[in-house]
Amino acid sequence: MAGSPSRAAGRRLQLPLLCLFLQGATAVLFAVFVRYNHKTDAALWHRGNHSNADNEFYFRYPSFQDVHAMVFVGFGFLMVFLQRYGFSSVGFTFLLAAFALQWSTLVQGFLHSFHSGHIHVGVESMINADFCAGAVLISFGAVLGKTGPAQLLLMALLEVVLFGINEFVLLHLLGVRDAGGSMTIHTFGAYFGLVLSRVLYRPQLEKSKHRQGSVYHSDLFAMIGTIFLWIFWPSFNSALTALGAGQHWTALNTYYSLAASTLGTFALSALVGEDGRLDMVHIQNAALAGGVVVGTSSEMMLTPFGALAAGFLAGTVSTLGYKFFTPILESKFKVQDTCGVHNLHGMPGVLGALLGVLVAGLATHEAYGDGLESVFPLIAEGQRSATSQAMLQLFGLFVTLMFASVGGGLGGLLLKLPFLDSPPDSQCYEDQVHWQVPGEHEDEAQRPLRVEEADTQA
Amino acid sequence: MAGSPSRAAGRRLQLPLLCLFLQGATAVLFAVFVRYNHKTDAALWHRGNHSNADNEFYFRYPSFQDVHAMVFVGFGFLMVFLQRYGFSSVGFTFLLAAFALQWSTLVQGFLHSFHSGHIHVGVESMINADFCAGAVLISFGAVLGKTGPAQLLLMALLEVVLFGINEFVLLHLLGVRDAGGSMTIHTFGAYFGLVLSRVLYRPQLEKSKHRQGSVYHSDLFAMIGTIFLWIFWPSFNSALTALGAGQHWTALNTYYSLAASTLGTFALSALVGEDGRLDMVHIQNAALAGGVVVGTSSEMMLTPFGALAAGFLAGTVSTLGYKFFTPILESKFKVQDTCGVHNLHGMPGVLGALLGVLVAGLATHEAYGDGLESVFPLIAEGQRSATSQAMLQLFGLFVTLMFASVGGGLGGLLLKLPFLDSPPDSQCYEDQVHWQVPGEHEDEAQRPLRVEEADTQA
Amino acid sequence: MAGSPSRAAGRRLQLPLLCLFLQGATAVLFAVFVRYNHKTDAALWHRGNHSNADNEFYFRYPSFQDVHAMVFVGFGFLMVFLQRYGFSSVGFTFLLAAFALQWSTLVQGFLHSFHSGHIHVGVESMINADFCAGAVLISFGAVLGKTGPAQLLLMALLEVVLFGINEFVLLHLLGVRDAGGSMTIHTFGAYFGLVLSRVLYRPQLEKSKHRQGSVYHSDLFAMIGTIFLWIFWPSFNSALTALGAGQHWTALNTYYSLAASTLGTFALSALVGEDGRLDMVHIQNAALAGGVVVGTSSEMMLTPFGALAAGFLAGTVSTLGYKFFTPILESKFKVQDTCGVHNLHGMPGVLGALLGVLVAGLATHEAYGDGLESVFPLIAEGQRSATSQAMLQLFGLFVTLMFASVGGGLGGLLLKLPFLDSPPDSQCYEDQVHWQVPGEHEDEAQRPLRVEEADTQA
């Protein structure tokens, strides 16, 4: 943290002032625009003649809680694998998601549920906001350890807006189906983060190489994240699907896909591992690809076999990506992808979108019966053939890749603004830049910040 | 652990005998008094003409499970931050809560659901019992590290009774609303613990100073507690609110409040931190104040903006409390508040009660429509004006503070009984006093208990 | 890892090839046999005239998620207590359960829900499959640290089949009630694992003695497992019980039983502990015995007092088992029970079966009213007296013990196949045999695998 004292003082104020500004602006916008919807408001709800059990809360809130656990526990701890970046991983996840869900309530609200001058909120908007926070955290994974919290908040500020617009284009303008977000969440979040990481490329990053690995217990903490993501993914994909059987089959498909991706991951990890030994990085990440890959198609009649096959493929591809593609991504494409989001969210997200194209193209009245209305309303109403639905699904993928790439590029330029605080190359992946860190043992004094090189990075 | 051998033998029997006695007495009282209620009993339920979906289980059990996770995972791990007190933190949480929920089932049952000679139990009594256990754990946080398990069980024995009476006075006699327990749980638990800690003041506590901090991984374990408390708090506040839209808006309000308290906490922590660096203690605790501060008002028409504002205020105040008030509390008021419960539960609880006064005072038939009946039945029935409801809410806060203070004082005297086993000043915050502790590394033998000073504390 | 290079190459291929084969075979069988049931299929569900709320998903999915968390988080982390076997504990739990749930969907499907050439799946089959995975993980606990992943997959392959047959005999042929699986899950899983461990007896296991204990943080990780198992156990026992009040009273009974077993465990652990100090092994395990012991009877009118008494007894017996019986089990019976599954699942499972005999024998039309139909349909329909139900419950226990013992013996012989990779005696409880393990500190290079003795075990 070099520089003149006044500059240092300016830098230390960046995070608090940005937090205060963003929270203040959000609160003002909430005051003006956000209102309870008719299932959440005391007066509106009781005006209708409902039984309590009809309130959407009971259909969606348990799923919401599972999604909420995935966003804060799952993503947060999954990134704790770095030996000296656990505070930042779980802490900045906390900060980013807490901001993103508020900001996304506004952005998604303006685009999806803006009626008579107000945004109307309830359990669906909570789930949607958490989904958007998930996309932001995926992007965070690509730049983990190389960005300060003020930079990350600005990234979220931009990404949430683009996420909302992309989602609006896909779901509302194109009529694309993507309940679990293979495209809108995973593909978008991954490529936004990867392009952003490309723009922030650090040629001297090997100065922090010794902190880039894990230690034994940090890998165990990361497994907390992995397992909570894995167990709750069926709720993630089914959180917003059609009530009744719709949520049921979506959860079931996801459950099978994840199980198969786990076996695929173990098989491939041992196969490509040194001496046949398993690699924790693969298990922590690639086993989750089964959830990503059915993000679009799990709400369709994928069949249990289809779910197994998709999950197995995703686990396999993801593991091979960690082993063979991540090094190339850095050396050839100059993308430093800390968590390997390309392997966990990028490739499986694209595969998931393509699987959605396939399964949508195979949709028939026979297979879905009267349930076709709830999955493909435009096909059911005769406005669209299955083939044109498939084509639009494919077009949705291209739109997403475009929004993500352009957005990530813009984000990278934004984060390179020279006055923004960013850790120097030699202090990446190090909590002490951002946190007061205790010693590791009771008899150890607080370790001084080692600033071998006082390089600051613009 | 000084003293004559026979005294030592007497001390080592305190915990087992107390456990056996309390469990035995509880079991006898259960045999005599506790019965399934009409939604839980096979014969009674099937006598009615219900559809299965009408059973209250389906409306409340998912919330119960979230509350249950908060009590045992959340509180338990939140307190693991101490470097050498993790076994005790999570273990005594386990013991205390497991006892408190049984004992509270009896106490709350006698006061709230005693009909024709029996206490009737079901999912509501499970939630209420867990709520009471939560209050006991808040008090535990104030004396963490300075009390033995037998002392803590006696504390719970007393506190559960006073909790039940205070709750009865507020909810049943005064008609106060407090669904998420800003008063009955947080204010009560905090000030009970703080006064108790005052009575147990240890002037020589700096002998254990070197164990009072955290280590890197203990802070990560504590974040498990933080995050689970944070994500499930919407379920906590809504667990017992009105079915239908009532649970819906309560959860939504809490969700927003927590998000804003997180941003407020990060802002203030960086602002007051050394070199602008964040402090894990703030993040672990103050970010949760948003759940506490809407404990009373989240079941009311707080509005989404109101929730954000309240949460932000609570996060801010709580962080400042940790930074500036905790040291004063010890130096001036001789209150050694290990976990800072004054900052997380005390001040935000009082603020939450006052916010409840305000929001209750603003209640109108217009804003609540027919939902007024479910939130303020006495106002809806015309027995009480909004203003008098507000005044009674305020009076409820004073009653709570009185019960908590007198109770904490009595509790302190009880725990000072000279024959009760208590760790010496030099052995506070040390698991080895109570647990068989393994070495930290595989080649390290079990560390001998360092008894530099054989001081025993009365 | 001695042997000729080609043999070593053969060994390193065992895990990947077995994973690929098992996943491939499972997928083929899914393609041929597995179909959505009428509550999960789009066309079938919408053919009926249902309200969305009628879908079984809403009654059972929250319980499923809790069970899912228990299987993957609970069992996985509970076994992380070993100092150098955390990756394997949580990783092999992940692998085994992900395979077992697929394989069990097939086996249980053929036996329970095979109609017109197809297995029909939905939320009930998900819960049942997870239950079976739980039994496999119980057996894993008995051989933890002494078996390779390929061996474990073969164990699961066999055990799932025998689990399914035993369950079919009990529930369908004998009409035995066992909703929470005191017999079918706990007794079966425990004795299968114990007999298998007996067959795999390693007289030279003390060569790995130094790795058999825990370290401070591994014990804290294990408490994550314990607490998640503990809090969600009410959902486990009630996941498949009768809708309406049935799930309600089952959850309530389990809740009380667990609370009492916790107090019993703390009492006994302190009583038998050195210097009255508590032992983490007891708290981590025996406190859970209260969930096991009411696995059969919690769906019956056990009464709250009955639940407390049963739980207390189980906690007590289990703690004494850890203290006094585990050493005898190894020295006299040559059963090396790594996790003490005999104490947590074996004895409490048998006790639970016997308690089921008792409570079933006391069933009356008076006590259950019209609810008798949902718990004991054969008694309600007059086809069976309560006494004969009790006798059949007892017979079910013997059947289970027989299936478990014979199956465990067969399993042991299978796992002793000489070409199967198994860690040598000096490398038991060591992650490095199976995993690429990082150093413990940032400045520490990857520790070389210490092969003091190059003994390979047949």
# chains A, B, ... in the order shown; residues from 1 in each chain; ligands from 1

$ residues_around --residues "range 247-262 of chain A" --least-positions-apart "3" --cutoff "8 Å" --atoms "only C-alpha atoms" --output "PyMOL selection string"
(chain A and resi 230+233-235+237-244+265-266+283+286-291+294+298-304+307-316) or (chain C and resi 23+36+39-41+57+94-95+98-99+101-102+122-123+126)

$ residues_around --residues "Ile119 in chain C" --least-positions-apart "3" --cutoff "8 Å" --atoms "only C-alpha atoms" --output "VMD selection string"
chain C and resid 33 to 35 106 109 to 110 113 to 115

$ select_by_dssp --residues "range 99-131 of chain C" --states "alpha helix (DSSP H)" --output "list in words"
Phe99, Ala100, Leu101, Gln102, Trp103, Ser104, Thr105, Leu106, Val107, Gln108, Gly109, Phe110, Leu111, His112, Val123, Glu124, Ser125, Met126, Ile127, Asn128, Ala129, Asp130 and Phe131 of chain C

$ residues_around --residues "Gly352 in chain C" --least-positions-apart "5" --cutoff "8 Å" --atoms "only C-alpha atoms" --output "MDAnalysis selection string"
chainID C and resid 182:183 292:297

$ write_last_selection --atoms "C-alpha atoms" --output "PDB file, in the first residue's frame"
ATOM      1  CA  SER C 182     -34.089 -48.317  13.284  1.00  0.00           C
ATOM      2  CA  MET C 183     -33.949 -51.735  11.672  1.00  0.00           C
ATOM      3  CA  VAL C 292     -31.715 -43.759  15.971  1.00  0.00           C
ATOM      4  CA  VAL C 293     -33.581 -45.195  18.920  1.00  0.00           C
ATOM      5  CA  VAL C 294     -36.953 -43.773  17.878  1.00  0.00           C
ATOM      6  CA  GLY C 295     -36.509 -44.695  14.222  1.00  0.00           C
ATOM      7  CA  THR C 296     -39.225 -47.290  14.502  1.00  0.00           C
ATOM      8  CA  SER C 297     -41.446 -45.932  17.259  1.00  0.00           C
TER       9      SER C 297
END

$ closest_residue --among "B:Val67, B:Ala135, B:Ala367, B:Val90" --to "chain A" --atoms "only C-alpha atoms"
B:Ala367

$ interface_residues --of "chain C" --to "chain B" --cutoff "6 Å" --atoms "only C-alpha atoms" --output "mmCIF file with N, CA and C atoms, in the first residue's frame"
data_model
loop_
_atom_site.group_PDB
_atom_site.id
_atom_site.type_symbol
_atom_site.label_atom_id
_atom_site.label_comp_id
_atom_site.auth_asym_id
_atom_site.auth_seq_id
_atom_site.Cartn_x
_atom_site.Cartn_y
_atom_site.Cartn_z
ATOM 1 N N VAL C 215 -7.407 -34.026 15.539
ATOM 2 C CA VAL C 215 -6.746 -32.799 15.978
ATOM 3 C C VAL C 215 -7.856 -31.791 16.288
ATOM 4 N N TYR C 216 -7.448 -30.677 16.867
ATOM 5 C CA TYR C 216 -8.436 -29.721 17.367
ATOM 6 C C TYR C 216 -9.443 -29.321 16.287
ATOM 7 N N LEU C 243 -49.129 -38.523 5.871
ATOM 8 C CA LEU C 243 -49.344 -37.084 5.732
ATOM 9 C C LEU C 243 -50.300 -36.597 6.821
ATOM 10 N N GLY C 244 -50.263 -35.314 7.053
ATOM 11 C CA GLY C 244 -51.118 -34.734 8.079
ATOM 12 C C GLY C 244 -50.462 -34.864 9.430
ATOM 13 N N ALA C 245 -51.227 -35.298 10.432
ATOM 14 C CA ALA C 245 -50.691 -35.374 11.787
ATOM 15 C C ALA C 245 -49.536 -36.370 11.905
ATOM 16 N N HIS C 248 -46.312 -34.862 11.738
ATOM 17 C CA HIS C 248 -46.222 -33.924 12.854
ATOM 18 C C HIS C 248 -45.751 -34.623 14.134
ATOM 19 N N TRP C 249 -46.443 -35.682 14.524
ATOM 20 C CA TRP C 249 -46.052 -36.308 15.785
ATOM 21 C C TRP C 249 -44.717 -37.046 15.661
ATOM 22 N N ALA C 259 -33.134 -34.408 22.251
ATOM 23 C CA ALA C 259 -32.777 -33.496 23.338
ATOM 24 C C ALA C 259 -32.358 -34.289 24.572
ATOM 25 N N LEU C 263 -28.541 -34.729 26.757
ATOM 26 C CA LEU C 263 -28.242 -34.599 28.189
ATOM 27 C C LEU C 263 -27.668 -35.891 28.749
ATOM 28 N N ALA C 267 -23.949 -36.170 30.476
ATOM 29 C CA ALA C 267 -23.843 -36.696 31.850
ATOM 30 C C ALA C 267 -22.864 -37.857 31.895
ATOM 31 N N ALA C 270 -19.059 -37.015 31.042
ATOM 32 C CA ALA C 270 -18.341 -36.391 32.155
ATOM 33 C C ALA C 270 -18.114 -37.395 33.281
ATOM 34 N N LEU C 271 -19.077 -38.277 33.466
ATOM 35 C CA LEU C 271 -18.987 -39.238 34.566
ATOM 36 C C LEU C 271 -17.841 -40.224 34.353
ATOM 37 N N GLY C 276 -13.214 -36.040 34.998
ATOM 38 C CA GLY C 276 -14.536 -35.457 34.752
ATOM 39 C C GLY C 276 -14.623 -34.641 33.487
ATOM 40 N N ARG C 277 -13.610 -34.764 32.644
ATOM 41 C CA ARG C 277 -13.641 -33.976 31.422
ATOM 42 C C ARG C 277 -14.411 -34.685 30.312
ATOM 43 N N LEU C 278 -15.085 -33.892 29.515
ATOM 44 C CA LEU C 278 -15.917 -34.416 28.432
ATOM 45 C C LEU C 278 -15.056 -34.908 27.271
ATOM 46 N N ASP C 279 -15.578 -35.904 26.569
ATOM 47 C CA ASP C 279 -14.862 -36.468 25.425
ATOM 48 C C ASP C 279 -15.631 -36.130 24.145
ATOM 49 N N PHE C 305 -43.224 -38.170 26.793
ATOM 50 C CA PHE C 305 -42.405 -38.772 27.835
ATOM 51 C C PHE C 305 -41.648 -39.991 27.310
ATOM 52 N N TYR C 368 -55.171 -44.490 19.043
ATOM 53 C CA TYR C 368 -54.891 -43.974 17.702
ATOM 54 C C TYR C 368 -56.133 -43.446 16.998
ATOM 55 N N GLY C 369 -57.320 -43.843 17.470
ATOM 56 C CA GLY C 369 -58.541 -43.415 16.795
ATOM 57 C C GLY C 369 -58.476 -43.806 15.329
ATOM 58 N N ASP C 370 -58.983 -42.948 14.470
ATOM 59 C CA ASP C 370 -58.953 -43.244 13.038
ATOM 60 C C ASP C 370 -57.538 -43.172 12.468
ATOM 61 N N GLY C 371 -56.604 -42.667 13.268
ATOM 62 C CA GLY C 371 -55.221 -42.626 12.828
ATOM 63 C C GLY C 371 -54.575 -43.997 12.813
#

$ residues_around --residues "Thr147 in chain C" --least-positions-apart "3" --cutoff "7 Å" --atoms "only C-alpha atoms" --output "list in words"
Val143, Leu144, Gln151, Leu152, Ser422 and Pro423 of chain C

$ write_last_selection --atoms "all heavy atoms" --output "compact mmCIF listing (two decimals), in the first residue's frame"
# COMPACT_ATOMS: atom_id res chain seq x y z
N VAL C 143 -15.50 -49.13 8.47
CA VAL C 143 -14.26 -49.49 7.79
C VAL C 143 -13.47 -48.25 7.38
O VAL C 143 -12.50 -48.34 6.62
CB VAL C 143 -14.54 -50.37 6.54
CG1 VAL C 143 -15.15 -51.69 6.96
CG2 VAL C 143 -15.43 -49.65 5.54
N LEU C 144 -13.89 -47.09 7.89
CA LEU C 144 -13.27 -45.82 7.51
C LEU C 144 -11.76 -45.86 7.70
O LEU C 144 -11.26 -46.25 8.75
CB LEU C 144 -13.85 -44.69 8.38
CG LEU C 144 -13.43 -43.27 7.99
CD1 LEU C 144 -14.23 -42.79 6.78
CD2 LEU C 144 -13.66 -42.30 9.15
N GLN C 151 -12.87 -50.43 -3.47
CA GLN C 151 -13.48 -51.39 -2.53
C GLN C 151 -14.82 -50.88 -2.03
O GLN C 151 -15.79 -51.63 -1.93
CB GLN C 151 -12.54 -51.59 -1.33
CG GLN C 151 -11.30 -52.40 -1.61
CD GLN C 151 -10.49 -52.59 -0.33
OE1 GLN C 151 -10.10 -51.62 0.31
NE2 GLN C 151 -10.26 -53.83 0.05
N LEU C 152 -14.87 -49.59 -1.70
CA LEU C 152 -16.09 -49.03 -1.13
C LEU C 152 -17.24 -49.05 -2.14
O LEU C 152 -18.39 -49.29 -1.78
CB LEU C 152 -15.83 -47.60 -0.64
CG LEU C 152 -14.91 -47.51 0.58
CD1 LEU C 152 -14.46 -46.06 0.82
CD2 LEU C 152 -15.59 -48.06 1.82
N SER C 422 -6.02 -51.61 -1.77
CA SER C 422 -6.36 -51.37 -0.36
C SER C 422 -5.13 -50.76 0.31
O SER C 422 -4.01 -51.15 0.03
CB SER C 422 -6.71 -52.73 0.26
OG SER C 422 -6.88 -52.61 1.64
N PRO C 423 -5.32 -49.78 1.17
CA PRO C 423 -4.13 -49.14 1.77
C PRO C 423 -3.37 -50.12 2.67
O PRO C 423 -3.99 -50.93 3.37
CB PRO C 423 -4.73 -47.99 2.58
CG PRO C 423 -6.14 -48.37 2.83
CD PRO C 423 -6.57 -49.19 1.67

$ decode --residues "range 399-410 of chain B" --atoms "all heavy atoms" --output "CSV table (one decimal), in the first residue's frame"
chain,number,residue,atom,x,y,z
B,399,VAL,N,-40.7,-3.5,30.9
B,399,VAL,CA,-40.9,-4.7,31.6
B,399,VAL,C,-39.8,-5.7,31.3
B,399,VAL,O,-39.3,-6.3,32.2
B,399,VAL,CB,-42.3,-5.3,31.3
B,399,VAL,CG1,-42.5,-6.7,31.8
B,399,VAL,CG2,-43.4,-4.4,31.7
B,400,THR,N,-39.5,-5.8,30.0
B,400,THR,CA,-38.4,-6.7,29.6
B,400,THR,C,-37.1,-6.4,30.3
B,400,THR,O,-36.4,-7.3,30.8
B,400,THR,CB,-38.3,-6.8,28.1
B,400,THR,OG1,-39.6,-7.2,27.6
B,400,THR,CG2,-37.2,-7.7,27.6
B,401,LEU,N,-36.8,-5.1,30.2
B,401,LEU,CA,-35.5,-4.7,30.8
B,401,LEU,C,-35.5,-5.0,32.3
B,401,LEU,O,-34.4,-5.4,32.8
B,401,LEU,CB,-35.3,-3.2,30.5
B,401,LEU,CG,-34.9,-2.9,29.1
B,401,LEU,CD1,-35.0,-1.4,28.8
B,401,LEU,CD2,-33.5,-3.4,28.7
B,402,MET,N,-36.6,-4.8,32.9
B,402,MET,CA,-36.7,-5.1,34.4
B,402,MET,C,-36.5,-6.6,34.7
B,402,MET,O,-35.7,-6.9,35.5
B,402,MET,CB,-38.0,-4.6,34.9
B,402,MET,CG,-38.0,-4.5,36.4
B,402,MET,SD,-39.8,-4.5,37.0
B,402,MET,CE,-40.3,-6.1,36.5
B,403,PHE,N,-37.3,-7.4,34.0
B,403,PHE,CA,-37.1,-8.8,34.2
B,403,PHE,C,-35.7,-9.3,33.9
B,403,PHE,O,-35.2,-10.1,34.6
B,403,PHE,CB,-38.1,-9.6,33.3
B,403,PHE,CG,-39.4,-9.9,33.9
B,403,PHE,CD1,-40.6,-9.2,33.6
B,403,PHE,CD2,-39.5,-10.9,34.8
B,403,PHE,CE1,-41.8,-9.5,34.2
B,403,PHE,CE2,-40.7,-11.2,35.4
B,403,PHE,CZ,-41.9,-10.5,35.1
B,404,ALA,N,-35.1,-8.8,32.8
B,404,ALA,CA,-33.8,-9.2,32.5
B,404,ALA,C,-32.8,-8.8,33.5
B,404,ALA,O,-31.9,-9.6,33.9
B,404,ALA,CB,-33.4,-8.6,31.1
B,405,SER,N,-32.9,-7.6,34.0
B,405,SER,CA,-31.9,-7.1,34.9
B,405,SER,C,-32.0,-7.8,36.3
B,405,SER,O,-31.0,-8.3,36.8
B,405,SER,CB,-32.1,-5.6,35.1
B,405,SER,OG,-32.1,-4.9,33.9
B,406,VAL,N,-33.2,-7.9,36.8
B,406,VAL,CA,-33.4,-8.5,38.1
B,406,VAL,C,-33.0,-10.0,37.9
B,406,VAL,O,-32.3,-10.6,38.7
B,406,VAL,CB,-34.8,-8.4,38.6
B,406,VAL,CG1,-35.0,-9.2,39.8
B,406,VAL,CG2,-35.1,-6.9,38.8
B,407,GLY,N,-33.4,-10.6,36.8
B,407,GLY,CA,-33.1,-12.0,36.6
B,407,GLY,C,-31.6,-12.2,36.4
B,407,GLY,O,-31.1,-13.2,37.0
B,408,GLY,N,-31.0,-11.4,35.7
B,408,GLY,CA,-29.5,-11.5,35.5
B,408,GLY,C,-28.8,-11.4,36.9
B,408,GLY,O,-27.8,-12.1,37.1
B,409,GLY,N,-29.3,-10.5,37.7
B,409,GLY,CA,-28.7,-10.3,39.0
B,409,GLY,C,-28.8,-11.5,39.9
B,409,GLY,O,-27.9,-12.0,40.4
B,410,LEU,N,-30.1,-12.1,39.9
B,410,LEU,CA,-30.3,-13.3,40.6
B,410,LEU,C,-29.5,-14.4,40.1
B,410,LEU,O,-28.9,-15.2,40.8
B,410,LEU,CB,-31.8,-13.7,40.5
B,410,LEU,CG,-32.8,-12.9,41.3
B,410,LEU,CD1,-34.2,-13.3,40.9
B,410,LEU,CD2,-32.5,-13.0,42.8
